[in-house]
Structure formats: C-alpha cells, structure tokens
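**Student:** Below is the file work_32.pdb, which contains PDB, C-alpha atoms and all ligand atoms.
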```pdb
ATOM      1  CA  MET A1389     -10.368 -13.172 -17.549  1.00  0.00           C
ATOM      2  CA  SER A1390     -13.294 -10.845 -16.919  1.00  0.00           C
ATOM      3  CA  ASP A1391     -14.381  -8.213 -19.394  1.00  0.00           C
ATOM      4  CA  HIS A1392     -14.950  -5.651 -16.692  1.00  0.00           C
ATOM      5  CA  CYS A1393     -13.564  -4.882 -13.281  1.00  0.00           C
ATOM      6  CA  HIS A1394     -15.829  -6.548 -10.711  1.00  0.00           C
ATOM      7  CA  ALA A1395     -15.525  -3.620  -8.356  1.00  0.00           C
ATOM      8  CA  CYS A1396     -15.844  -0.508 -10.521  1.00  0.00           C
ATOM      9  CA  GLY A1397     -16.905  -1.737 -13.942  1.00  0.00           C
ATOM     10  CA  VAL A1398     -14.154  -0.355 -16.162  1.00  0.00           C
ATOM     11  CA  SER A1399     -13.210  -2.395 -19.209  1.00  0.00           C
ATOM     12  CA  LEU A1400     -10.281  -4.702 -18.618  1.00  0.00           C
ATOM     13  CA  HIS A1401      -9.562  -4.779 -22.314  1.00  0.00           C
ATOM     14  CA  MET A1402      -7.678  -1.523 -21.907  1.00  0.00           C
ATOM     15  CA  PRO A1403      -4.108  -2.571 -21.078  1.00  0.00           C
ATOM     16  CA  GLU A1404      -3.448   0.557 -19.029  1.00  0.00           C
ATOM     17  CA  LEU A1405      -6.212  -0.435 -16.601  1.00  0.00           C
ATOM     18  CA  LYS A1406      -5.240  -4.044 -16.244  1.00  0.00           C
ATOM     19  CA  GLY A1407      -3.448  -4.915 -13.016  1.00  0.00           C
ATOM     20  CA  PRO A1408      -2.158  -8.143 -11.502  1.00  0.00           C
ATOM     21  CA  ALA A1409      -5.656  -9.364 -10.577  1.00  0.00           C
ATOM     22  CA  GLU A1410      -7.844 -11.291 -13.017  1.00  0.00           C
ATOM     23  CA  ASP A1411     -11.138  -9.689 -12.124  1.00  0.00           C
ATOM     24  CA  PHE A1412     -10.178  -6.211 -10.996  1.00  0.00           C
ATOM     25  CA  CYS A1413      -8.578  -3.158 -12.543  1.00  0.00           C
ATOM     26  CA  LYS A1414      -5.370  -1.794 -11.089  1.00  0.00           C
ATOM     27  CA  TYR A1415      -7.252   1.006  -9.308  1.00  0.00           C
ATOM     28  CA  CYS A1416      -9.355  -1.338  -7.231  1.00  0.00           C
ATOM     29  CA  ILE A1417      -6.559  -3.399  -5.736  1.00  0.00           C
ATOM     30  CA  ASP A1418      -3.842  -2.457  -3.281  1.00  0.00           C
ATOM     31  CA  ASP A1419      -0.104  -3.074  -3.384  1.00  0.00           C
ATOM     32  CA  LYS A1420      -0.595  -6.648  -2.248  1.00  0.00           C
ATOM     33  CA  GLY A1421      -3.023  -7.406  -5.044  1.00  0.00           C
ATOM     34  CA  GLU A1422      -6.041  -7.436  -2.765  1.00  0.00           C
ATOM     35  CA  LEU A1423      -9.333  -5.713  -3.339  1.00  0.00           C
ATOM     36  CA  LYS A1424      -9.447  -2.318  -1.671  1.00  0.00           C
ATOM     37  CA  LYS A1425     -12.010  -1.433   0.953  1.00  0.00           C
ATOM     38  CA  ARG A1426     -15.468  -0.527  -0.233  1.00  0.00           C
ATOM     39  CA  ASP A1427     -15.036   3.065   0.993  1.00  0.00           C
ATOM     40  CA  GLU A1428     -11.792   3.536  -0.890  1.00  0.00           C
ATOM     41  CA  VAL A1429     -13.248   2.259  -4.127  1.00  0.00           C
ATOM     42  CA  ARG A1430     -16.340   4.392  -3.595  1.00  0.00           C
ATOM     43  CA  GLN A1431     -14.205   7.500  -3.212  1.00  0.00           C
ATOM     44  CA  GLY A1432     -12.448   6.677  -6.451  1.00  0.00           C
ATOM     45  CA  ILE A1433     -15.732   6.244  -8.280  1.00  0.00           C
ATOM     46  CA  ALA A1434     -17.124   9.450  -6.754  1.00  0.00           C
ATOM     47  CA  HIS A1435     -14.054  11.311  -7.927  1.00  0.00           C
ATOM     48  CA  TRP A1436     -14.449   9.869 -11.394  1.00  0.00           C
ATOM     49  CA  LEU A1437     -18.141  10.814 -11.480  1.00  0.00           C
ATOM     50  CA  LYS A1438     -17.280  14.358 -10.477  1.00  0.00           C
ATOM     51  CA  SER A1439     -14.686  14.614 -13.218  1.00  0.00           C
ATOM     52  CA  TRP A1440     -17.320  14.309 -15.903  1.00  0.00           C
ATOM     53  CA  SER A1441     -20.287  15.800 -14.006  1.00  0.00           C
ATOM     54  CA  PRO A1442     -19.143  19.319 -13.176  1.00  0.00           C
ATOM     55  CA  GLY A1443     -21.360  21.019 -10.653  1.00  0.00           C
ATOM     56  CA  ILE A1444     -22.438  17.996  -8.658  1.00  0.00           C
ATOM     57  CA  THR A1445     -21.706  18.086  -4.965  1.00  0.00           C
ATOM     58  CA  GLU A1446     -19.523  15.687  -3.016  1.00  0.00           C
ATOM     59  CA  GLU A1447     -22.669  14.258  -1.468  1.00  0.00           C
ATOM     60  CA  GLN A1448     -24.355  13.675  -4.820  1.00  0.00           C
ATOM     61  CA  ALA A1449     -21.223  12.088  -6.209  1.00  0.00           C
ATOM     62  CA  ASN A1450     -21.032   9.737  -3.221  1.00  0.00           C
ATOM     63  CA  GLU A1451     -24.683   8.839  -3.526  1.00  0.00           C
ATOM     64  CA  ARG A1452     -24.311   8.039  -7.207  1.00  0.00           C
ATOM     65  CA  ALA A1453     -21.178   6.039  -6.507  1.00  0.00           C
ATOM     66  CA  CYS A1454     -23.069   3.955  -3.936  1.00  0.00           C
ATOM     67  CA  HIS A1455     -25.856   3.341  -6.393  1.00  0.00           C
ATOM     68  CA  TYR A1456     -23.394   2.464  -9.129  1.00  0.00           C
ATOM     69  CA  MET A1457     -21.550  -0.015  -6.915  1.00  0.00           C
ATOM     70  CA  LYS A1458     -24.723  -1.957  -6.221  1.00  0.00           C
ATOM     71  CA  ALA A1459     -24.484  -3.266  -9.765  1.00  0.00           C
ATOM     72  CA  MET A1460     -20.940  -4.559  -9.245  1.00  0.00           C
ATOM     73  CA  PRO A1461     -20.393  -8.240  -8.384  1.00  0.00           C
ATOM     74  CA  ALA A1462     -17.674  -7.441  -5.849  1.00  0.00           C
ATOM     75  CA  TRP A1463     -20.094  -5.503  -3.645  1.00  0.00           C
ATOM     76  CA  ALA A1464     -23.229  -7.544  -4.053  1.00  0.00           C
ATOM     77  CA  ASP A1465     -24.586  -8.683  -0.697  1.00  0.00           C
TER      78      ASP A1465
HETATM   79 ZN    ZN B   1     -11.883  -1.352 -10.771  1.00  0.00          ZN
END
```
What do you get writing this file as structure tokens?

**Tutor:**
Amino acid sequence: MSDHCHACGVSLHMPELKGPAEDFCKYCIDDKGELKKRDEVRQGIAHWLKSWSPGITEEQANERACHYMKAMPAWAD
C-alpha cells in the first residue's frame, strides 16, 4: 500500500480517504475503481486549494493545481 495518493498526494493513512484502490484516495477514482481524468482531479485539487487560500482566483487555483500535479506519480509524463 502507498503512503500517499498517487494522483493528489493526500495521506492514505487516514481511513476516511482510503478507497478501493491501493494507490489512490477515494476522491481520485470513479465508481468503477478507475483513476479519474486529469481534468477532474485537477478541478478537485483547485477547489481544495481555494478552500484554504481565500482570495485566489479560479485561474490561480488551476495554475497551482497543475503545478502541484506535476509532482504526482500518476501524472508524470
Ligand atoms: Zn487522490
């Protein structure tokens, strides 16, 4: 089992975030247990960034989410 979600980086040691997949949290996989599309995950991360960075714009949040995802194994080219 991984320590962190390979798509968004949250800790998988928190039981409420653990889903059916070994390497991903429950927010990054769909109903079939497959990794969501890059855009969907990015929106989720952007939303999360905005929740603790009041005042940043949608565009800034998306930019930061893109940058953040570059460090995630699931999105590495
Ligand atoms: Zn995740």

**Student:** Kindly provide, as a list in words, all nucleotide and amino acid residues lying within 8 Å of ligand ZN 1 (chain B), counting all atoms listed in the file.

**Tutor:**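 Checked against 8 Å with all atoms listed in the file; the hits are His1392, Cys1393, His1394, Ala1395, Cys1396, Gly1397, Val1398, Phe1412, Cys1413, Lys1414, Tyr1415, Cys1416, Ile1417 and Val1429 of chain A.
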
**Student:** Select, from A:Ala1459, A:Ala1464, A:Cys1454, A:Met1389, the residue with the minimum atom-to-atom distance to Asp1427 of chain A, counting only C-alpha atoms.

**Tutor:** A:Cys1454

**Student:** For the structure provided, state which residues fall under the PyMOL selection byres (((chain A and resi 1452) around 12) and not hetatm), and present them as a list in words.

**Tutor:**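 Going through the file, the PyMOL selection byres (((chain A and resi 1452) around 12) and not hetatm) ends up selecting Arg1430, Gln1431, Gly1432, Ile1433, Ala1434, His1435, Trp1436, Leu1437, Lys1438, Ser1441, Ile1444, Thr1445, Glu1446, Glu1447, Gln1448, Ala1449, Asn1450, Glu1451, Ala1453, Cys1454, His1455, Tyr1456, Met1457, Lys1458 and Ala1459 of chain A.
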
**Student:** Quick check, in Å to one decimal: how far apart do atom CA of Asp1391 of chain A and atom CA of Gly1407 of chain A lie?

**Tutor:**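 Those two atoms sit 13.1 Å apart.
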
**Student:** Rounded to one decimal in Å, what is the spacing between atom CA of Lys1420 of chain A and atom CA of Pro1403 of chain A?

**Tutor:** 19.6 Å

**Student:** If you measure from atom CA of Asp1465 of chain A to atom CA of Met1402 of chain A, what distance in Å do you get, rounded to one decimal?

**Tutor:**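 Between atom CA of Asp1465 of chain A and atom CA of Met1402 of chain A the gap works out to 28.1 Å.
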
**Student:** Is there a way to complete segment 1420-1455 of chain A with N, CA and C atoms and then write that out as an mmCIF file, in the frame of the given file?

**Tutor:**
```
data_model
loop_
_atom_site.group_PDB
_atom_site.id
_atom_site.type_symbol
_atom_site.label_atom_id
_atom_site.label_comp_id
_atom_site.auth_asym_id
_atom_site.auth_seq_id
_atom_site.Cartn_x
_atom_site.Cartn_y
_atom_site.Cartn_z
ATOM 1 N N LYS A 1420 -0.733 -5.199 -2.429
ATOM 2 C CA LYS A 1420 -0.595 -6.648 -2.248
ATOM 3 C C LYS A 1420 -1.477 -7.428 -3.219
ATOM 4 N N GLY A 1421 -2.169 -6.715 -4.081
ATOM 5 C CA GLY A 1421 -3.023 -7.406 -5.044
ATOM 6 C C GLY A 1421 -4.379 -7.775 -4.482
ATOM 7 N N GLU A 1422 -4.735 -7.140 -3.355
ATOM 8 C CA GLU A 1422 -6.041 -7.436 -2.765
ATOM 9 C C GLU A 1422 -7.029 -6.314 -3.033
ATOM 10 N N LEU A 1423 -8.285 -6.695 -3.092
ATOM 11 C CA LEU A 1423 -9.333 -5.713 -3.339
ATOM 12 C C LEU A 1423 -9.345 -4.661 -2.239
ATOM 13 N N LYS A 1424 -9.408 -3.404 -2.649
ATOM 14 C CA LYS A 1424 -9.447 -2.318 -1.671
ATOM 15 C C LYS A 1424 -10.768 -2.314 -0.917
ATOM 16 N N LYS A 1425 -10.785 -1.545 0.172
ATOM 17 C CA LYS A 1425 -12.010 -1.433 0.953
ATOM 18 C C LYS A 1425 -13.090 -0.725 0.142
ATOM 19 N N ARG A 1426 -14.320 -1.103 0.437
ATOM 20 C CA ARG A 1426 -15.468 -0.527 -0.233
ATOM 21 C C ARG A 1426 -15.423 1.010 -0.249
ATOM 22 N N ASP A 1427 -15.070 1.600 0.897
ATOM 23 C CA ASP A 1427 -15.036 3.065 0.993
ATOM 24 C C ASP A 1427 -13.994 3.686 0.068
ATOM 25 N N GLU A 1428 -12.859 3.023 -0.033
ATOM 26 C CA GLU A 1428 -11.792 3.536 -0.890
ATOM 27 C C GLU A 1428 -12.215 3.498 -2.352
ATOM 28 N N VAL A 1429 -12.801 2.382 -2.739
ATOM 29 C CA VAL A 1429 -13.248 2.259 -4.127
ATOM 30 C C VAL A 1429 -14.367 3.267 -4.398
ATOM 31 N N ARG A 1430 -15.244 3.449 -3.405
ATOM 32 C CA ARG A 1430 -16.340 4.392 -3.595
ATOM 33 C C ARG A 1430 -15.803 5.814 -3.802
ATOM 34 N N GLN A 1431 -14.788 6.166 -3.050
ATOM 35 C CA GLN A 1431 -14.205 7.500 -3.212
ATOM 36 C C GLN A 1431 -13.643 7.679 -4.611
ATOM 37 N N GLY A 1432 -13.006 6.622 -5.102
ATOM 38 C CA GLY A 1432 -12.448 6.677 -6.451
ATOM 39 C C GLY A 1432 -13.533 6.865 -7.493
ATOM 40 N N ILE A 1433 -14.627 6.132 -7.327
ATOM 41 C CA ILE A 1433 -15.732 6.244 -8.280
ATOM 42 C C ILE A 1433 -16.378 7.627 -8.174
ATOM 43 N N ALA A 1434 -16.535 8.123 -6.951
ATOM 44 C CA ALA A 1434 -17.124 9.450 -6.754
ATOM 45 C C ALA A 1434 -16.259 10.529 -7.434
ATOM 46 N N HIS A 1435 -14.981 10.367 -7.305
ATOM 47 C CA HIS A 1435 -14.054 11.311 -7.927
ATOM 48 C C HIS A 1435 -14.197 11.278 -9.449
ATOM 49 N N TRP A 1436 -14.301 10.075 -9.953
ATOM 50 C CA TRP A 1436 -14.449 9.869 -11.394
ATOM 51 C C TRP A 1436 -15.773 10.471 -11.883
ATOM 52 N N LEU A 1437 -16.837 10.251 -11.108
ATOM 53 C CA LEU A 1437 -18.141 10.814 -11.480
ATOM 54 C C LEU A 1437 -18.073 12.337 -11.526
ATOM 55 N N LYS A 1438 -17.386 12.898 -10.539
ATOM 56 C CA LYS A 1438 -17.280 14.358 -10.477
ATOM 57 C C LYS A 1438 -16.481 14.914 -11.649
ATOM 58 N N SER A 1439 -15.528 14.119 -12.136
ATOM 59 C CA SER A 1439 -14.686 14.614 -13.218
ATOM 60 C C SER A 1439 -15.464 14.815 -14.514
ATOM 61 N N TRP A 1440 -16.538 14.058 -14.690
ATOM 62 C CA TRP A 1440 -17.320 14.309 -15.903
ATOM 63 C C TRP A 1440 -18.724 14.823 -15.611
ATOM 64 N N SER A 1441 -19.012 15.177 -14.370
ATOM 65 C CA SER A 1441 -20.287 15.800 -14.006
ATOM 66 C C SER A 1441 -20.017 17.076 -13.243
ATOM 67 N N PRO A 1442 -19.474 18.089 -13.909
ATOM 68 C CA PRO A 1442 -19.143 19.319 -13.176
ATOM 69 C C PRO A 1442 -20.389 19.900 -12.526
ATOM 70 N N GLY A 1443 -20.219 20.402 -11.322
ATOM 71 C CA GLY A 1443 -21.360 21.019 -10.653
ATOM 72 C C GLY A 1443 -22.030 20.122 -9.636
ATOM 73 N N ILE A 1444 -21.796 18.810 -9.686
ATOM 74 C CA ILE A 1444 -22.438 17.996 -8.658
ATOM 75 C C ILE A 1444 -21.638 18.082 -7.364
ATOM 76 N N THR A 1445 -22.360 17.959 -6.267
ATOM 77 C CA THR A 1445 -21.706 18.086 -4.965
ATOM 78 C C THR A 1445 -21.033 16.776 -4.575
ATOM 79 N N GLU A 1446 -20.181 16.867 -3.570
ATOM 80 C CA GLU A 1446 -19.523 15.687 -3.016
ATOM 81 C C GLU A 1446 -20.576 14.654 -2.602
ATOM 82 N N GLU A 1447 -21.624 15.150 -1.969
ATOM 83 C CA GLU A 1447 -22.669 14.258 -1.468
ATOM 84 C C GLU A 1447 -23.374 13.536 -2.622
ATOM 85 N N GLN A 1448 -23.700 14.291 -3.660
ATOM 86 C CA GLN A 1448 -24.355 13.675 -4.820
ATOM 87 C C GLN A 1448 -23.451 12.650 -5.481
ATOM 88 N N ALA A 1449 -22.177 13.000 -5.583
ATOM 89 C CA ALA A 1449 -21.223 12.088 -6.209
ATOM 90 C C ALA A 1449 -21.126 10.791 -5.401
ATOM 91 N N ASN A 1450 -21.104 10.926 -4.072
ATOM 92 C CA ASN A 1450 -21.032 9.737 -3.221
ATOM 93 C C ASN A 1450 -22.281 8.886 -3.335
ATOM 94 N N GLU A 1451 -23.423 9.549 -3.396
ATOM 95 C CA GLU A 1451 -24.683 8.839 -3.526
ATOM 96 C C GLU A 1451 -24.728 8.048 -4.832
ATOM 97 N N ARG A 1452 -24.321 8.713 -5.903
ATOM 98 C CA ARG A 1452 -24.311 8.039 -7.207
ATOM 99 C C ARG A 1452 -23.317 6.897 -7.225
ATOM 100 N N ALA A 1453 -22.184 7.102 -6.562
ATOM 101 C CA ALA A 1453 -21.178 6.039 -6.507
ATOM 102 C C ALA A 1453 -21.735 4.823 -5.774
ATOM 103 N N CYS A 1454 -22.450 5.054 -4.697
ATOM 104 C CA CYS A 1454 -23.069 3.955 -3.936
ATOM 105 C C CYS A 1454 -24.043 3.193 -4.808
ATOM 106 N N HIS A 1455 -24.856 3.941 -5.519
ATOM 107 C CA HIS A 1455 -25.856 3.341 -6.393
ATOM 108 C C HIS A 1455 -25.170 2.516 -7.483
#
```
